[in-house]
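First comes the structure, then the notes that go with it.
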Amino acid sequence: MKRRKLAVAAGFCLSFLLGTLLNVLFIPAFDPQQQQTAGVTHSLAGLPSDVPGEVERRSSGRGSSHRWDLAQQIRERYEEVLRYQRRQHRAAAAPGARLLMRPLERRLMDLDPRRPASSSSSSERSPANPKAPPAARDTPWEPRAKLAVSLRPFRLGCRDISNVTDVHYLGSGYTKAVYKAVLNRSLAVALKSVDFGGHDIDHCVKLYGALEDCYRLASYKILKEMVLLQRLRHPNILQLYGYCYQDSNDISDTLTTITELGSPLEMIQLLQTSWEDRFRICFSLVRLLHYLAHSPLGSVTLLDFRPRQFVIVDGELKVTDLDDASIDETSCTSSRDCFMEFPARNFTLPCSVEGKCQSMNEKRNLYNAYRFFFTYLLPHSAPASLRPLLDVIVNATGELHWGIDTTVAHLEKVLHLYKSGLYLKNATRTPRSDYRRMPEAIIVNENYRCWPSYHHKGCLLSVFDVNEAMEVCESHSQCKAFVLTNQTTWTGRQLVYFKMGSTSITSDHDKTTYVKVMH
C-alpha cells in the first residue's frame with residue numbers, strides 16, 4: 001500500500017515537473033538571444049497568439065479611464081513631435097535658410113482618429129489642430145491615421161535594409177534597441193528600433209494591455225529624434241542616414257532609423273588614453289554644447305545626459321540620443337522656481353523679465369559636462385604648464401561661474417597653446433645629453449612600455465618638435481634612442497617611438513632616428 005502511494009505521489013511530481021519544463025521550453029520568444037539576433041526589426045511572433053483577445057479582456061476590465069489615459073499620453077507625445085517640426089519649419093523659413101523637403105515614400109505615423117466616411121474633414125478635429133473644438137480634444141483618442149512629416153532626402157531606406165548583413169546587437173535603453181549592421185556589403189551603420197522587451201513597452205503593456213498603442217507611444221520618441229537629427233546639423237551630432245517603415249506581424253509601420261555608427265564611450269578606457277585624446281573628447285563636447293545653446297531651434301538641453309548617450313567616431317565625440325532633448329525653458333515668477341538639483345550640489349538661477357529661468361538649458365548641459373567629463377578627463381597627466389589653466393576651467397564650470405561661450409573661449413586658448421608649442425616656452429629646452437641624428441633609419445625592436453602610449457606594446461608618444469622628444473627621452477630612465485615617424489595626431493603633433501637601445505637599426509625612408517651618445 002505504501003509503495004503504491006509513493007508511486008502515485010512520484011508520478012504526480014514527475015508529471016508536474018515535465019509540464020513545467022514543456023511550458024518553459026515552448027513559450028515563444030523565451031530565448032533571450034532571439035531579440036538580439038532576429039534582425040532589423042523585433043518580431044512579434046514570440047508573443048502569445050491570443051494577444052488581441054487578451055488585450056481586449058484586460059482593457060475592458062480596467063475601464064475606459066485607462067484607455068483615455070493612454071490616448072492622452074499618445075496625443076501629447078504626438079503634439080510634441082509636431083511642435084518640434086513646426087519649430088523646424090519656422091527656422092527654415094528664415095531669410096537665407098533653405099530646407100529641401102519631399103513627401104515620404106510611406107507616410108510616417110498612424111495618428112488621426114478613425115471616423116465614418118460621412119464625417120467632416122480630419123483637419124478640423126485633428127489633435128494637432130489648435131483650433132479644434134474642445135470637445136473633440138477632450139475625447140479619448142485612437143492613433144489610427146497617418147502623419148505626413150516632410151524630411152530631407154535620405155541616401156538610405158527600406159531597399160538598403162533588405163540587403164543588410166552582419167547584424168549584431170549592441171545594446172538597448174528604456175525605449176530603443178540598437179544594432180550594428182552592414183548595408184549593401186559596404187557601409188557599416190547603426191540601426192535603431194523600438195525595443196519590445198524594453199522598459200517603456202513592458203511597463204505600458206502591463207499598465208494598459210494595448211501593445212499596438214504602446215508601440216506608437218514609444219515610437220514617437222524615435223520620430224522626435226529623427227526630426228531633431230535632420231535639423232540639428234553639427235560635426236558632434238550623429239548623422240541620420242535614413243529610415244524605413246516595415247510591417248512587423250501584428251503591428252504595421254514599425255520604424256527603423258539608420259544612423260552613423262560609432263564606438264561606445266567607455267570611460268575606463270578613456271582614462272588610459274593620452275591627455276591629448278582626452279582633451280579632444282572634452283573639446284568636442286564643448287563645441288557641441290555651444291551649438292546646442294545657440295541652435296536654430298533655440299537652446300537645447302539634454303535631459304538624459306550620461307556618457308552612454310555619446311559615441312566616438314574617428315576620435316570625435318558625438319551625441320547619439322536626442323529623444324530626451326528639450327527646447328523648453330522653465331517658466332518662473334521668481335528665482336525660487338529656477339532650482340536645479342544634482343546629486344552633489346544644487347543651483348538657483350535668476351528668473352528673467354520674460355518669466356523664464358535664465359540660461360537653465362545651457363547651464364544644465366554645462367554642469368553635466370563638468371561632472372561626467374571635465375573632472376575626470378581634463379587635468380590628469382596634462383602638460384605641467386597647462387594644468388593651472390585646466391584647473392580654472394574645471395572649477396569655473398563646476399561652480400557654474402561661466403556660461404558655454406566663456407568655457408569655449410578658454411578651451412580654445414588651451415588648444416592654441418598646445419598646438420603652437422607655446423606651452424613649452426618657459427620650459428628648459430637644452431637637453432643634458434647629446435644625440436646622433438640618423439636619417440632614413442629605424443630601430444625595429446628594443447621597445448619598452450610607458451603610460452599613456454598610443455601603442456600598447458611600446459612607448460609611442462606625440463611631441464611638438466625634436467627638442468621635446470629629447471626632453472621626454474631624458475625623463476625616461478630606459479630611453480636610449482627615439483624614432484621620429486611621419487605620422488601626426490589630430491593637433492598636428494608628430495608621433496615618436498622611444499627605444500631602450502639601438503642595436504637593431506635598419507633602413508626606412510620615412511623615419512629618422514636619434515641615438516643618445518654615451519660619454
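Ordering of the C-alpha cells sets the chain letters (A, B, ...), residue numbers begin anew at 1 in every chain, and ligands are numbered from 1 in the order given.
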
Counting only C-alpha atoms, what is within 12 Å of Trp490 in chain A, bar same-chain residues fewer than 3 positions away, as number ranges by chain?
A: 276-281, 314-316, 415, 418-419, 462, 487, 493-495

Against range 80-88 of chain A, which residues of range 186-287 of chain A fall within 9 Å? For each one I want the closest pair of atoms and the distance in Å (one decimal), counting only C-alpha atoms, rows by chain and increasing residue number, as JSON lines.
```
{"residue": "A:Tyr220", "atom": "CA", "partner": "A:Val81", "partner_atom": "CA", "distance": 7.1}
{"residue": "A:Lys221", "atom": "CA", "partner": "A:Val81", "partner_atom": "CA", "distance": 8.2}
{"residue": "A:Leu223", "atom": "CA", "partner": "A:Val81", "partner_atom": "CA", "distance": 7.1}
{"residue": "A:Lys224", "atom": "CA", "partner": "A:Val81", "partner_atom": "CA", "distance": 5.2}
{"residue": "A:Glu225", "atom": "CA", "partner": "A:Val81", "partner_atom": "CA", "distance": 8.9}
{"residue": "A:Val227", "atom": "CA", "partner": "A:Gln85", "partner_atom": "CA", "distance": 6.4}
{"residue": "A:Leu228", "atom": "CA", "partner": "A:Tyr84", "partner_atom": "CA", "distance": 7.5}
{"residue": "A:Arg231", "atom": "CA", "partner": "A:Gln88", "partner_atom": "CA", "distance": 6.7}
```

Restricting the calculation to only C-alpha atoms, which member of A:Leu424, A:Leu191, A:Leu389, A:Ile327 is positioned closest to Leu297 in chain A?
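Looking at the shortest contact to Leu297 in chain A, the residue is A:Ile327.
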
Range 171-187 of chain A: which residues within 8 Å, counting only C-alpha atoms, same-chain residues fewer than 2 positions away excluded, as a ChimeraX atom specification?
/A:40,160-161,163-169,189-195,198-201,218,261

Please return as a PDB file with N, CA, C and O atoms, in the first residue's frame: the residues of range 418-504 of chain A that backbone DSSP assigns to alpha helix (DSSP H).
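The new file states.pdb reads:
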```
ATOM      1  N   TYR A 418      48.739  74.516 -26.903  1.00  0.00           N
ATOM      2  CA  TYR A 418      49.238  73.153 -27.092  1.00  0.00           C
ATOM      3  C   TYR A 418      49.691  72.922 -28.535  1.00  0.00           C
ATOM      4  O   TYR A 418      50.766  72.369 -28.780  1.00  0.00           O
ATOM      5  N   LYS A 419      48.873  73.350 -29.505  1.00  0.00           N
ATOM      6  CA  LYS A 419      49.207  73.121 -30.906  1.00  0.00           C
ATOM      7  C   LYS A 419      50.419  73.940 -31.353  1.00  0.00           C
ATOM      8  O   LYS A 419      51.215  73.492 -32.175  1.00  0.00           O
ATOM      9  N   SER A 420      50.544  75.152 -30.833  1.00  0.00           N
ATOM     10  CA  SER A 420      51.624  76.039 -31.265  1.00  0.00           C
ATOM     11  C   SER A 420      52.937  75.790 -30.547  1.00  0.00           C
ATOM     12  O   SER A 420      53.988  76.322 -30.943  1.00  0.00           O
ATOM     13  N   VAL A 466      61.596  68.142 -32.123  1.00  0.00           N
ATOM     14  CA  VAL A 466      62.678  67.236 -31.723  1.00  0.00           C
ATOM     15  C   VAL A 466      63.152  67.552 -30.313  1.00  0.00           C
ATOM     16  O   VAL A 466      63.479  66.633 -29.533  1.00  0.00           O
ATOM     17  N   ASN A 467      63.185  68.837 -29.951  1.00  0.00           N
ATOM     18  CA  ASN A 467      63.637  69.200 -28.607  1.00  0.00           C
ATOM     19  C   ASN A 467      62.735  68.600 -27.532  1.00  0.00           C
ATOM     20  O   ASN A 467      63.215  68.137 -26.494  1.00  0.00           O
ATOM     21  N   GLU A 468      61.419  68.602 -27.771  1.00  0.00           N
ATOM     22  CA  GLU A 468      60.516  67.985 -26.795  1.00  0.00           C
ATOM     23  C   GLU A 468      60.727  66.479 -26.750  1.00  0.00           C
ATOM     24  O   GLU A 468      60.646  65.863 -25.677  1.00  0.00           O
ATOM     25  N   ALA A 469      61.017  65.869 -27.887  1.00  0.00           N
ATOM     26  CA  ALA A 469      61.306  64.431 -27.900  1.00  0.00           C
ATOM     27  C   ALA A 469      62.541  64.129 -27.061  1.00  0.00           C
ATOM     28  O   ALA A 469      62.582  63.132 -26.321  1.00  0.00           O
ATOM     29  N   MET A 470      63.554  64.985 -27.141  1.00  0.00           N
ATOM     30  CA  MET A 470      64.750  64.794 -26.328  1.00  0.00           C
ATOM     31  C   MET A 470      64.433  64.941 -24.848  1.00  0.00           C
ATOM     32  O   MET A 470      64.931  64.172 -24.011  1.00  0.00           O
ATOM     33  N   GLU A 471      63.576  65.899 -24.511  1.00  0.00           N
ATOM     34  CA  GLU A 471      63.191  66.085 -23.109  1.00  0.00           C
ATOM     35  C   GLU A 471      62.450  64.868 -22.579  1.00  0.00           C
ATOM     36  O   GLU A 471      62.670  64.440 -21.440  1.00  0.00           O
ATOM     37  N   VAL A 472      61.579  64.289 -23.401  1.00  0.00           N
ATOM     38  CA  VAL A 472      60.850  63.082 -22.986  1.00  0.00           C
ATOM     39  C   VAL A 472      61.831  61.942 -22.768  1.00  0.00           C
ATOM     40  O   VAL A 472      61.749  61.204 -21.772  1.00  0.00           O
ATOM     41  N   CYS A 473      62.779  61.790 -23.692  1.00  0.00           N
ATOM     42  CA  CYS A 473      63.763  60.715 -23.559  1.00  0.00           C
ATOM     43  C   CYS A 473      64.610  60.902 -22.300  1.00  0.00           C
ATOM     44  O   CYS A 473      64.930  59.927 -21.611  1.00  0.00           O
ATOM     45  N   GLU A 474      64.946  62.148 -21.970  1.00  0.00           N
ATOM     46  CA  GLU A 474      65.711  62.420 -20.752  1.00  0.00           C
ATOM     47  C   GLU A 474      64.914  62.046 -19.497  1.00  0.00           C
ATOM     48  O   GLU A 474      65.492  61.629 -18.489  1.00  0.00           O
ATOM     49  N   SER A 475      63.601  62.176 -19.574  1.00  0.00           N
ATOM     50  CA  SER A 475      62.773  61.906 -18.391  1.00  0.00           C
ATOM     51  C   SER A 475      62.493  60.421 -18.185  1.00  0.00           C
ATOM     52  O   SER A 475      61.980  60.029 -17.135  1.00  0.00           O
TER      53      SER A 475
END
```

Taking only C-alpha atoms into account, name the residue in A:His410, A:Leu217, A:Thr320, A:Gly298 that is nearest to Glu79 in chain A.
A:Leu217

Min atom-atom distance to Thr491 in chain A from the set A:His416, A:Arg364, A:Lys425, A:His380, counting only C-alpha atoms, belongs to A:His416

Residue contacts of range 352-363 of chain A (10 Å, only C-alpha atoms) excluding same-chain residues fewer than 5 positions away, as a PyMOL selection string:
chain A and resi 289-290+292-294+298-303+326-340+347+368-369+397+400-404

Dump of N, CA and C atoms for the selected residues, as a short mmCIF file (atom, residue, chain, number, x, y, z; two decimals), in the first residue's frame:
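Written file, result_28.cif:
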```
data_model
loop_
_atom_site.label_atom_id
_atom_site.label_comp_id
_atom_site.auth_asym_id
_atom_site.auth_seq_id
_atom_site.Cartn_x
_atom_site.Cartn_y
_atom_site.Cartn_z
N LEU A 289 27.98 71.58 -27.06
CA LEU A 289 27.11 72.32 -26.14
C LEU A 289 26.97 73.78 -26.57
N HIS A 290 28.02 74.33 -27.15
CA HIS A 290 27.92 75.71 -27.68
C HIS A 290 26.90 75.77 -28.81
N LEU A 292 24.35 73.65 -29.26
CA LEU A 292 23.01 73.41 -28.71
C LEU A 292 22.48 74.66 -28.02
N ALA A 293 23.35 75.43 -27.40
CA ALA A 293 22.89 76.66 -26.73
C ALA A 293 22.43 77.72 -27.73
N HIS A 294 22.93 77.64 -28.97
CA HIS A 294 22.59 78.64 -29.99
C HIS A 294 22.01 77.99 -31.24
N GLY A 298 16.57 77.03 -30.91
CA GLY A 298 16.66 77.63 -29.59
C GLY A 298 17.66 76.87 -28.75
N SER A 299 17.68 77.15 -27.47
CA SER A 299 18.60 76.47 -26.56
C SER A 299 18.08 75.06 -26.27
N VAL A 300 18.90 74.07 -26.58
CA VAL A 300 18.51 72.66 -26.43
C VAL A 300 19.24 72.07 -25.24
N THR A 301 18.51 71.41 -24.35
CA THR A 301 19.12 70.72 -23.22
C THR A 301 18.97 69.22 -23.38
N LEU A 302 19.96 68.49 -22.93
CA LEU A 302 19.94 67.02 -22.96
C LEU A 302 19.50 66.54 -21.58
N LEU A 303 18.25 66.16 -21.46
CA LEU A 303 17.71 65.79 -20.15
C LEU A 303 18.30 64.48 -19.64
N SER A 326 15.25 68.65 -25.09
CA SER A 326 14.14 69.57 -24.91
C SER A 326 14.58 70.99 -25.25
N ILE A 327 13.68 71.75 -25.85
CA ILE A 327 13.93 73.17 -26.13
C ILE A 327 13.11 74.06 -25.20
N ASP A 328 12.40 73.46 -24.28
CA ASP A 328 11.54 74.23 -23.38
C ASP A 328 12.37 74.83 -22.24
N GLU A 329 12.31 76.14 -22.10
CA GLU A 329 12.93 76.81 -20.97
C GLU A 329 11.91 76.89 -19.82
N THR A 330 12.36 76.63 -18.61
CA THR A 330 11.46 76.58 -17.46
C THR A 330 10.87 77.96 -17.18
N SER A 331 9.55 78.01 -17.03
CA SER A 331 8.87 79.27 -16.69
C SER A 331 9.04 79.56 -15.20
N CYS A 332 8.99 80.83 -14.85
CA CYS A 332 9.20 81.20 -13.45
C CYS A 332 8.52 82.52 -13.14
N THR A 333 8.24 82.74 -11.87
CA THR A 333 7.80 84.04 -11.36
C THR A 333 8.85 84.65 -10.45
N SER A 334 9.74 83.81 -9.92
CA SER A 334 10.87 84.28 -9.11
C SER A 334 12.00 83.27 -9.23
N SER A 335 13.16 83.59 -8.69
CA SER A 335 14.31 82.69 -8.76
C SER A 335 14.07 81.39 -8.01
N ARG A 336 13.10 81.38 -7.09
CA ARG A 336 12.80 80.13 -6.37
C ARG A 336 12.29 79.05 -7.30
N ASP A 337 11.75 79.46 -8.45
CA ASP A 337 11.27 78.48 -9.44
C ASP A 337 12.40 77.94 -10.30
N CYS A 338 13.60 78.51 -10.17
CA CYS A 338 14.72 78.16 -11.04
C CYS A 338 15.75 77.35 -10.26
N PHE A 339 15.29 76.28 -9.68
CA PHE A 339 16.13 75.45 -8.82
C PHE A 339 16.60 74.25 -9.61
N MET A 340 17.91 74.04 -9.70
CA MET A 340 18.49 72.87 -10.37
C MET A 340 19.15 71.98 -9.34
N PHE A 347 21.78 74.37 -7.55
CA PHE A 347 21.95 75.74 -8.01
C PHE A 347 20.59 76.43 -8.12
N ASN A 368 26.51 69.13 -16.28
CA ASN A 368 26.62 67.70 -16.56
C ASN A 368 27.93 67.37 -17.27
N ALA A 369 28.38 68.27 -18.16
CA ALA A 369 29.68 68.07 -18.81
C ALA A 369 30.80 68.08 -17.77
N THR A 397 33.45 75.75 -14.26
CA THR A 397 32.26 75.04 -14.74
C THR A 397 31.59 74.28 -13.60
N LEU A 400 29.50 76.75 -11.99
CA LEU A 400 28.65 77.46 -12.96
C LEU A 400 28.91 78.97 -12.95
N HIS A 401 30.17 79.34 -12.76
CA HIS A 401 30.53 80.76 -12.83
C HIS A 401 30.56 81.24 -14.28
N TRP A 402 30.77 80.32 -15.20
CA TRP A 402 30.83 80.66 -16.62
C TRP A 402 29.63 80.08 -17.36
N GLY A 403 29.35 80.70 -18.51
CA GLY A 403 28.44 80.11 -19.47
C GLY A 403 29.24 79.34 -20.51
N ILE A 404 28.55 78.82 -21.52
CA ILE A 404 29.23 77.99 -22.50
C ILE A 404 30.15 78.82 -23.39
#
```

Nearest candidate to Arg437 in chain A (options A:Tyr367, A:Phe374, A:Tyr78, A:Tyr514; using only C-alpha atoms)
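Of A:Tyr367, A:Phe374, A:Tyr78, A:Tyr514, the one nearest Arg437 in chain A is A:Tyr514, counting only C-alpha atoms.
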
Provide the CA of Gly197 in chain A to CA of Ala71 in chain A distance in Å, to one decimal place.
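Value for the CA of Gly197 in chain A-CA of Ala71 in chain A distance: 21.5 Å.
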
Pairwise distance for CA of Ser504 in chain A and CA of Glu446 in chain A, rounded to one decimal in Å
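Here the two named atoms are 7.6 Å from each other.
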
Sel. of strand (DSSP E) residues, range 293-440 of chain A, as a list of chain:residue names:
A:Thr301, A:Leu302, A:Phe310, A:Val311, A:Ile312, A:Val313, A:Glu316, A:Leu317, A:Lys318, A:Val319, A:Ala325, A:Ser326, A:Phe339, A:Met340, A:Glu341, A:Asn346, A:Phe347, A:Thr348, A:Tyr435, A:Arg436, A:Arg437, A:Met438, A:Pro439, A:Glu440

Here is a test: counting only C-alpha atoms, which residue of A:Leu422, A:Cys459, A:Leu417, A:Leu411 is nearest to Ser284 in chain A?
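So, comparing all the options, the nearest one is A:Leu411.
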